[in-house]
Amino acid sequence: MQSRVVAGAIAVSSVLALAACSNDASSGPPTRSAGATSAIDEGSTNQQVENGESMRIDIQMGERIVVGTLNDSASSRDLLAQLPLTLDMSDHGSVEKTGPLPIELSTDEAPESADPNPGDIGYYAPGNDFVLYYGNQSAFPGIVILGTMDETGSQTVGSMDGDVTVRVSRSE
C-alpha cells in the first residue's frame, strides 16, 4: 500500500512537472533529466538495492535518458539479468510505449492485474512486453509494475511520437 502512495505522489509530481516544463530539443550527448541527476547526487533513500547493487536503470530514448528505479520483485530481478537491452517500442492507446523482451520475466508473487500510473515501468506478461506508461491506463490483467521513472519520465516518453528505439541499462 505504501508503494501505491509513493507512486501516486510521483504521478502528481509528474503532472506538476509537465505543467512547468517546455519541450526543448537539444543536441549533443544524451542527457539525464535534472530531477534524475539530483536524486542520484543526493543519494536518495528511495533507491532499491538487490544484493548490494542498485536497482536503478537508465532508459535512453534518442538523446534523452530517464532514470528508473525498479522495485524488489522477481520480475524486476529478471529484467536486470537481461540488461543491457535495446528494444523497439510502439505506442499503444496514447498512454504507453511497449516493446517485446527477449526472455519472459517471472511473475512469481505478482498480482493478477495492476493499475499503472503515468511514470510507471511495467511488464505486460501475456505479450512479454516491457512497458513505459506516460498516460492513464486502467487496471488490466497481466500487468506487473516493475518500478517508476523519474519525475520527467512520463513527459519524455509521451513526447516521443510513434515507434522509438529504447536502450535500457543499469545506471552507473
# chains A, B, ... in the order shown; residues from 1 in each chain; ligands from 1
$ residues_around --residues "region 108-119 of chain A" --least-positions-apart "4" --cutoff "9 Å" --atoms "only C-alpha atoms" --output "PyMOL selection string"
chain A and resi 7-8+10-11+14-15+73-75+95-96+132-145+147-155+157
$ residues_around --residues "Leu101 (chain A)" --least-positions-apart "3" --cutoff "10 Å" --atoms "only C-alpha atoms" --output "ChimeraX atom specification"
/A:79,82,85-88,98,104-105,123,127-131
$ write_last_selection --atoms "C-alpha atoms" --output "PDB file, in the first residue's frame"
ATOM      1  CA  LEU A  79      14.721  -7.751 -16.100  1.00  0.00           C
ATOM      2  CA  GLN A  82      18.785  -9.258 -19.180  1.00  0.00           C
ATOM      3  CA  LEU A  85      18.751  -4.294 -23.854  1.00  0.00           C
ATOM      4  CA  THR A  86      17.826  -2.379 -26.980  1.00  0.00           C
ATOM      5  CA  LEU A  87      14.087  -2.544 -27.617  1.00  0.00           C
ATOM      6  CA  ASP A  88      11.919  -1.354 -30.486  1.00  0.00           C
ATOM      7  CA  THR A  98       5.629  -1.255 -25.368  1.00  0.00           C
ATOM      8  CA  GLU A 104       9.952 -13.805 -20.300  1.00  0.00           C
ATOM      9  CA  LEU A 105      10.085 -12.337 -16.793  1.00  0.00           C
ATOM     10  CA  TYR A 123       5.692  -5.671 -17.768  1.00  0.00           C
ATOM     11  CA  GLY A 127       2.693 -10.248 -24.568  1.00  0.00           C
ATOM     12  CA  ASN A 128       6.114 -10.456 -22.871  1.00  0.00           C
ATOM     13  CA  ASP A 129       6.372  -6.670 -23.270  1.00  0.00           C
ATOM     14  CA  PHE A 130       8.419  -4.060 -21.399  1.00  0.00           C
ATOM     15  CA  VAL A 131       6.108  -1.062 -20.890  1.00  0.00           C
TER      16      VAL A 131
END
$ closest_residue --among "A:Asp58, A:Glu63, A:Asp120, A:Asp78" --to "Glu172 (chain A)" --atoms "only C-alpha atoms"
A:Asp58
$ atom_distance --atom1 "CA of Met61 (chain A)" --atom2 "CA of Ala125 (chain A)"
22.9 Å
$ atom_distance --atom1 "CA of Asp163 (chain A)" --atom2 "CA of Asn71 (chain A)"
26.6 Å
